[in-house]
Amino acid sequence: MSSRISNVALPGSVFLLLTLAFELAGLAGLLPPTIPRPVKVVENMVGDGAVLWLHCRSTVLTAACGYAMAIGAAFSAGFLVHQHKALETAALTIGTVLNSIPIIAVAPILIIWMGVSWPMRITLTAFLCFFPIFVGMIQGLGATERNAGELFLVLAATPAQRFWKLALPSALPYIFLGLKIAAPLAVLGALVAEWTGTETGLGVLMINAMFNFQMERLWASVLIVCILSAGSYGALSLIERVVLTADRTADGIAP
Amino acid sequence: MGRLSIDRVSKVFDIDGRQVQALKEISLELEDGQFGALIGPSGCGKSTLLRMVADILPPTSGSISIDGAHPSQARKDHRIGFVFQDATLLPWRTVLENIRLPLEIVAERDPDREKLPRELIELVGLSGFEKAKPSQLSGGMQQRAAIARSLVLSPRVLLLDEPFGALDDITRSRMNLELLRIRAETKITALMVTHSIQEAVFMADRIFVLAARPGRIADVVEVGLDRPRSFAQMSDPAFTGAVDRVRQCLFDQQAMAAIDV
């Protein structure tokens with residue numbers, strides 16, 4: 001328990017000390033104009049609350065829809081590969097190749113197809129999130145214990161029963177690993193999509209703040225993005241802890 | 001019913017293009033309700049043989065029949081129960097849910113069968129642990145649950161792959177008695193792989209002693225001890241005689257192997 005406290009307390013106090021240091025440096029006039037005082041950033045967050053909320057909502061919506069779409073696609077692909085083992089190498093190769101395309105290069109293609117639109121934003125986000133979830137899925141589905149596989153064989157289970165009752169539950173620790181990696185990527189995907197010229201979103205807000213030299217607003221939106229990324233990761237870790245009992249995360253892979 | 005017949009079964013594995021004969025011309029018979037034990041040195045193919053009976057592996061040549069049916073038919077008809085060396089319980093399911101698993105797989109809505117898991121939990125002595133997760137149980141209790149699961153579809157033949165190999169001696173002896181009691185109640189035909197000579201003699205009606213490289217039957221020992229068995233019989237001349245004969249056979253093999261080298 002004491003180690004858990006220090007896990008939170010140590011990074012927390014370092015963060016607070018840094019913030020305090022910047023605040024003091026700002027008050028002493030030591031900070032360049034591109035770095036606002038933390039208090040100013042917070043003031044901006046309160047003052048600009050309505051605007052920030054509007055754009056934040058848009059980003060969260062894109063990230064959530066793209067994330068859900070990636071889960072759906074990775075899940076379907078994982079199911080197919082599990083039912084037809086021969087597809088595994090091909091699927092992983094294609095996945096790796098697609099994953100090696102920089103996301104910023106995918107955006108123009110999607111814009112040609114879909115225009116600067118909600119479907120484009122969501123698809124771009126899903127594209128970025130798909131790979132880690134898919135790899136976690138494939139690794140997990142392949143990590144079924146040999147004896148358990150033989151048990152299902154002796155029981156003459158159908159391939160679908162094998163998937164739902166054995167492969168998927170035993171893959172969960174790996175799937176959660178993929179989901180946790182993909183969650184901050186969903187925020188990143190949404191931002192990249194917004195940079196291509198959408199009307200709403202924290203990405204747009206950042207770009208505009210940059211061009212208009214609104215430093216407090218720029219830092220406020222960056223701070224919100226950080227909170228979204230870390231928060232989504234944290235939320236998934238909590239869900240994982242509820243879904244998987246302690247003994248399962250430990251014997252599978254490091255959480 | 002419950003008759004197991006293995007007729008000149010051989011198994012050749014292809015390991016990196018090299019042909020390795022794991023088992024050569026194994027023949028054995030078990031009558032309905034008989035208890036057979038497979039004993040032999042490590043790597044003699046005991047587990048392979050058991051897996052061929054369960055239709056997990058196909059034999060290279062020869063035939064196996066369970067009640068006159070091919071193993072694949074017997075497996076699909078759920079006439080085979082299999083107990084692994086490690087209990088192989090699904091960690092996310094409770095004891096009761098693990099034992100119910102075979103019923104879910106056959107997706108049968110027979111109300112008589114729905115009662116079976118609870119009866120079996122009682123039979124294997126796990127009452128009160130229905131809602132426990134496998135990780136909360138000792139090794140012996142996990143194996144009891146695995147045995148209950150293997151019996152839930154009322155198979156005709158129970159195959160046991162060193163089921164008590166990972167247990168301490170005291171637990172192991174207790175589990176031996178339990179299994180004999182369960183067998184007496186279910187009248188099931190059983191074939192058990194074991195490394196323990198005492199266990200083989202104590203449990204079995206017929207012991208098949210295997211020799212290695214290639215795996216083959218070196219001797220068949222009939223155990224003429226009355227049932228129900230008890231530990232008192234361990235000083236019976238029939239018991240010690242059988243133990244000596246099995247040990248003799250296993251040690252002769254070792255002597256032969258030593259000469260080979």
# chains A, B, ... in the order shown; residues from 1 in each chain; ligands from 1
>>> closest_atom_pairs(of="chain A", to="chain B", cutoff="10 Å", atoms="only C-alpha atoms", output="tab-separated table")
residue	atom	partner	partner_atom	distance
A:Glu145	CA	B:Thr88	CA	8.5
A:Arg146	CA	B:Thr88	CA	9.4
A:Asn147	CA	B:Thr88	CA	6.4
A:Ala148	CA	B:Thr88	CA	5.9
A:Gly149	CA	B:Thr88	CA	9.6
A:Glu150	CA	B:Ile56	CA	6.7
A:Leu151	CA	B:Phe82	CA	7.4
A:Phe152	CA	B:Pro102	CA	8.7
A:Leu153	CA	B:Ile56	CA	6.9
A:Val154	CA	B:Arg75	CA	6.0
A:Leu155	CA	B:Pro102	CA	6.5
A:Ala156	CA	B:Lys76	CA	5.5
A:Ala157	CA	B:Ile105	CA	5.9
A:Thr158	CA	B:Ile105	CA	8.0
A:Gln161	CA	B:Ile105	CA	7.0
A:Arg162	CA	B:Ile105	CA	9.2
A:Lys165	CA	B:Leu101	CA	8.8
A:Leu166	CA	B:Leu90	CA	7.9
A:Pro169	CA	B:Trp92	CA	7.6
A:Ser170	CA	B:Trp92	CA	8.4
A:Val243	CA	B:Trp92	CA	9.7
A:Leu244	CA	B:Trp92	CA	8.1
A:Thr245	CA	B:Trp92	CA	8.0
A:Asp247	CA	B:Ser135	CA	7.5
A:Arg248	CA	B:Pro91	CA	7.6
>>> residues_around(residues="Leu238 (chain A)", least_positions_apart="6", cutoff="12 Å", atoms="only C-alpha atoms", output="MDAnalysis selection string")
chainID A and resid 176 180 231:232 244:245 255
>>> write_last_selection(atoms="C-alpha atoms", output="tab-separated table (two decimals), in the first residue's frame")
chain	number	residue	atom	x	y	z
A	176	PHE	CA	-6.43	-4.81	-22.84
A	180	LYS	CA	-4.51	0.82	-23.53
A	231	GLY	CA	-7.37	9.95	-18.69
A	232	SER	CA	-8.38	7.49	-21.39
A	244	LEU	CA	-9.60	-9.20	-15.01
A	245	THR	CA	-9.01	-10.53	-11.53
A	255	PRO	CA	-0.03	-4.95	-16.88
>>> closest_residue(among="B:Thr189, B:Ser138, B:Ser173, B:Ser61", to="Gly36 (chain B)", atoms="only C-alpha atoms")
B:Thr189
>>> closest_residue(among="B:Met192, B:Ala132, B:Met175, B:Ala218", to="Glu162 (chain B)", atoms="only C-alpha atoms")
B:Met192
>>> closest_residue(among="A:Val60, A:Ile109, A:Ile138, A:Leu31", to="Ile227 (chain A)", atoms="only C-alpha atoms")
A:Val60
>>> closest_residue(among="B:Phe251, B:Phe239, B:Phe231, B:Phe35", to="Ala211 (chain B)", atoms="only C-alpha atoms")
B:Phe251
>>> closest_residue(among="A:Pro119, A:Gly78, A:Pro108, A:Pro173", to="Trp195 (chain A)", atoms="only C-alpha atoms")
A:Pro108
>>> select_by_dssp(residues="region 68-208 of chain B", states="alpha helix (DSSP H)", output="PyMOL selection string")
chain B and resi 71-76+95-106+111-123+139-151+169-186+197-203
>>> atom_distance(atom1="CA of Ala209 (chain A)", atom2="CA of Gly47 (chain A)")
15.0 Å
>>> atom_distance(atom1="CA of Val201 (chain B)", atom2="CA of Gly62 (chain B)")
27.9 Å
>>> residues_around(residues="Ile99 (chain B)", least_positions_apart="6", cutoff="10 Å", atoms="only C-alpha atoms", output="list in words")
Leu89, Leu90, Arg93, Leu116, Pro117, Arg118, Leu120, Ile121, Glu130, Ala145, Ala146, Ile147, Ala148, Arg149, Ser150, Leu151 and Val152 of chain B
>>> closest_residue(among="B:Pro58, B:Ala190, B:Ile15, B:Gln253", to="Ile217 (chain B)", atoms="only C-alpha atoms")
B:Gln253
>>> atom_distance(atom1="CA of Ala107 (chain A)", atom2="CA of Thr89 (chain A)")
27.0 Å
>>> decode(residues="region 43-77 of chain B", atoms="N, CA, C and O atoms", output="mmCIF file, in the first residue's frame")
data_model
loop_
_atom_site.group_PDB
_atom_site.id
_atom_site.type_symbol
_atom_site.label_atom_id
_atom_site.label_comp_id
_atom_site.auth_asym_id
_atom_site.auth_seq_id
_atom_site.Cartn_x
_atom_site.Cartn_y
_atom_site.Cartn_z
ATOM 1 N N GLY B 43 9.106 -40.467 -22.012
ATOM 2 C CA GLY B 43 9.317 -40.439 -23.453
ATOM 3 C C GLY B 43 8.984 -41.743 -24.142
ATOM 4 O O GLY B 43 9.369 -41.963 -25.285
ATOM 5 N N CYS B 44 8.236 -42.650 -23.458
ATOM 6 C CA CYS B 44 7.909 -43.911 -24.104
ATOM 7 C C CYS B 44 6.596 -43.811 -24.858
ATOM 8 O O CYS B 44 6.155 -44.749 -25.488
ATOM 9 N N GLY B 45 5.959 -42.646 -24.836
ATOM 10 C CA GLY B 45 4.772 -42.455 -25.661
ATOM 11 C C GLY B 45 3.453 -42.739 -24.959
ATOM 12 O O GLY B 45 2.424 -42.876 -25.623
ATOM 13 N N LYS B 46 3.471 -42.784 -23.616
ATOM 14 C CA LYS B 46 2.223 -43.066 -22.882
ATOM 15 C C LYS B 46 1.161 -42.003 -23.172
ATOM 16 O O LYS B 46 0.017 -42.322 -23.497
ATOM 17 N N SER B 47 1.585 -40.735 -23.053
ATOM 18 C CA SER B 47 0.631 -39.642 -23.270
ATOM 19 C C SER B 47 0.183 -39.589 -24.721
ATOM 20 O O SER B 47 -0.977 -39.287 -25.012
ATOM 21 N N THR B 48 1.105 -39.901 -25.631
ATOM 22 C CA THR B 48 0.746 -39.939 -27.058
ATOM 23 C C THR B 48 -0.349 -40.973 -27.288
ATOM 24 O O THR B 48 -1.329 -40.718 -27.994
ATOM 25 N N LEU B 49 -0.172 -42.140 -26.675
ATOM 26 C CA LEU B 49 -1.168 -43.206 -26.841
ATOM 27 C C LEU B 49 -2.532 -42.745 -26.322
ATOM 28 O O LEU B 49 -3.561 -42.916 -26.980
ATOM 29 N N LEU B 50 -2.514 -42.111 -25.163
ATOM 30 C CA LEU B 50 -3.767 -41.635 -24.561
ATOM 31 C C LEU B 50 -4.432 -40.598 -25.480
ATOM 32 O O LEU B 50 -5.651 -40.596 -25.645
ATOM 33 N N ARG B 51 -3.608 -39.739 -26.073
ATOM 34 C CA ARG B 51 -4.154 -38.705 -26.961
ATOM 35 C C ARG B 51 -4.696 -39.297 -28.251
ATOM 36 O O ARG B 51 -5.607 -38.726 -28.856
ATOM 37 N N MET B 52 -4.154 -40.420 -28.669
ATOM 38 C CA MET B 52 -4.712 -41.070 -29.861
ATOM 39 C C MET B 52 -6.061 -41.704 -29.536
ATOM 40 O O MET B 52 -6.971 -41.678 -30.350
ATOM 41 N N VAL B 53 -6.176 -42.264 -28.323
ATOM 42 C CA VAL B 53 -7.471 -42.829 -27.923
ATOM 43 C C VAL B 53 -8.526 -41.720 -27.873
ATOM 44 O O VAL B 53 -9.674 -41.911 -28.257
ATOM 45 N N ALA B 54 -8.101 -40.522 -27.441
ATOM 46 C CA ALA B 54 -9.041 -39.396 -27.303
ATOM 47 C C ALA B 54 -9.268 -38.673 -28.627
ATOM 48 O O ALA B 54 -9.982 -37.679 -28.672
ATOM 49 N N ASP B 55 -8.626 -39.163 -29.695
ATOM 50 C CA ASP B 55 -8.775 -38.534 -31.012
ATOM 51 C C ASP B 55 -8.189 -37.122 -31.041
ATOM 52 O O ASP B 55 -8.587 -36.279 -31.839
ATOM 53 N N ILE B 56 -7.208 -36.859 -30.157
ATOM 54 C CA ILE B 56 -6.504 -35.575 -30.226
ATOM 55 C C ILE B 56 -5.411 -35.689 -31.281
ATOM 56 O O ILE B 56 -5.130 -34.738 -32.003
ATOM 57 N N LEU B 57 -4.808 -36.890 -31.376
ATOM 58 C CA LEU B 57 -3.801 -37.172 -32.396
ATOM 59 C C LEU B 57 -4.267 -38.381 -33.200
ATOM 60 O O LEU B 57 -4.870 -39.292 -32.636
ATOM 61 N N PRO B 58 -3.958 -38.421 -34.492
ATOM 62 C CA PRO B 58 -4.306 -39.628 -35.255
ATOM 63 C C PRO B 58 -3.156 -40.636 -35.217
ATOM 64 O O PRO B 58 -1.988 -40.241 -35.230
ATOM 65 N N PRO B 59 -3.451 -41.942 -35.144
ATOM 66 C CA PRO B 59 -2.366 -42.924 -35.231
ATOM 67 C C PRO B 59 -1.817 -42.980 -36.661
ATOM 68 O O PRO B 59 -2.544 -42.670 -37.608
ATOM 69 N N THR B 60 -0.541 -43.345 -36.794
ATOM 70 C CA THR B 60 0.020 -43.500 -38.135
ATOM 71 C C THR B 60 -0.513 -44.777 -38.773
ATOM 72 O O THR B 60 -0.825 -44.817 -39.964
ATOM 73 N N SER B 61 -0.621 -45.846 -37.982
ATOM 74 C CA SER B 61 -1.245 -47.068 -38.486
ATOM 75 C C SER B 61 -1.897 -47.790 -37.319
ATOM 76 O O SER B 61 -1.654 -47.465 -36.155
ATOM 77 N N GLY B 62 -2.718 -48.775 -37.640
ATOM 78 C CA GLY B 62 -3.430 -49.512 -36.608
ATOM 79 C C GLY B 62 -4.778 -48.870 -36.325
ATOM 80 O O GLY B 62 -5.110 -47.828 -36.901
ATOM 81 N N SER B 63 -5.553 -49.498 -35.450
ATOM 82 C CA SER B 63 -6.887 -48.946 -35.187
ATOM 83 C C SER B 63 -7.223 -48.977 -33.707
ATOM 84 O O SER B 63 -6.704 -49.794 -32.945
ATOM 85 N N ILE B 64 -8.070 -48.039 -33.326
ATOM 86 C CA ILE B 64 -8.529 -47.929 -31.944
ATOM 87 C C ILE B 64 -10.049 -47.950 -31.979
ATOM 88 O O ILE B 64 -10.648 -47.310 -32.863
ATOM 89 N N SER B 65 -10.673 -48.681 -31.078
ATOM 90 C CA SER B 65 -12.131 -48.597 -31.029
ATOM 91 C C SER B 65 -12.627 -48.489 -29.599
ATOM 92 O O SER B 65 -12.061 -49.076 -28.675
ATOM 93 N N ILE B 66 -13.661 -47.679 -29.451
ATOM 94 C CA ILE B 66 -14.316 -47.490 -28.156
ATOM 95 C C ILE B 66 -15.750 -47.933 -28.342
ATOM 96 O O ILE B 66 -16.478 -47.344 -29.139
ATOM 97 N N ASP B 67 -16.126 -49.016 -27.674
ATOM 98 C CA ASP B 67 -17.447 -49.620 -27.911
ATOM 99 C C ASP B 67 -17.642 -49.912 -29.397
ATOM 100 O O ASP B 67 -18.735 -49.732 -29.938
ATOM 101 N N GLY B 68 -16.587 -50.292 -30.078
ATOM 102 C CA GLY B 68 -16.692 -50.612 -31.495
ATOM 103 C C GLY B 68 -16.682 -49.402 -32.402
ATOM 104 O O GLY B 68 -16.710 -49.546 -33.625
ATOM 105 N N ALA B 69 -16.645 -48.193 -31.832
ATOM 106 C CA ALA B 69 -16.679 -46.983 -32.656
ATOM 107 C C ALA B 69 -15.275 -46.398 -32.789
ATOM 108 O O ALA B 69 -14.433 -46.566 -31.911
ATOM 109 N N HIS B 70 -15.061 -45.706 -33.885
ATOM 110 C CA HIS B 70 -13.809 -44.997 -34.106
ATOM 111 C C HIS B 70 -13.686 -43.874 -33.061
ATOM 112 O O HIS B 70 -14.698 -43.284 -32.688
ATOM 113 N N PRO B 71 -12.453 -43.567 -32.610
ATOM 114 C CA PRO B 71 -12.317 -42.512 -31.600
ATOM 115 C C PRO B 71 -12.968 -41.190 -31.989
ATOM 116 O O PRO B 71 -13.533 -40.496 -31.123
ATOM 117 N N SER B 72 -12.924 -40.820 -33.273
ATOM 118 C CA SER B 72 -13.510 -39.523 -33.649
ATOM 119 C C SER B 72 -15.019 -39.540 -33.434
ATOM 120 O O SER B 72 -15.617 -38.546 -33.016
ATOM 121 N N GLN B 73 -15.631 -40.725 -33.708
ATOM 122 C CA GLN B 73 -17.071 -40.840 -33.465
ATOM 123 C C GLN B 73 -17.344 -40.798 -31.957
ATOM 124 O O GLN B 73 -18.242 -40.081 -31.490
ATOM 125 N N ALA B 74 -16.537 -41.547 -31.214
ATOM 126 C CA ALA B 74 -16.715 -41.599 -29.754
ATOM 127 C C ALA B 74 -16.549 -40.210 -29.144
ATOM 128 O O ALA B 74 -17.274 -39.826 -28.231
ATOM 129 N N ARG B 75 -15.587 -39.448 -29.691
ATOM 130 C CA ARG B 75 -15.356 -38.091 -29.175
ATOM 131 C C ARG B 75 -16.561 -37.207 -29.463
ATOM 132 O O ARG B 75 -17.028 -36.475 -28.585
ATOM 133 N N LYS B 76 -17.065 -37.286 -30.694
ATOM 134 C CA LYS B 76 -18.211 -36.441 -31.048
ATOM 135 C C LYS B 76 -19.458 -36.830 -30.265
ATOM 136 O O LYS B 76 -20.325 -35.991 -30.009
ATOM 137 N N ASP B 77 -19.551 -38.126 -29.912
ATOM 138 C CA ASP B 77 -20.695 -38.575 -29.109
ATOM 139 C C ASP B 77 -20.463 -38.352 -27.614
ATOM 140 O O ASP B 77 -21.253 -38.805 -26.794
#
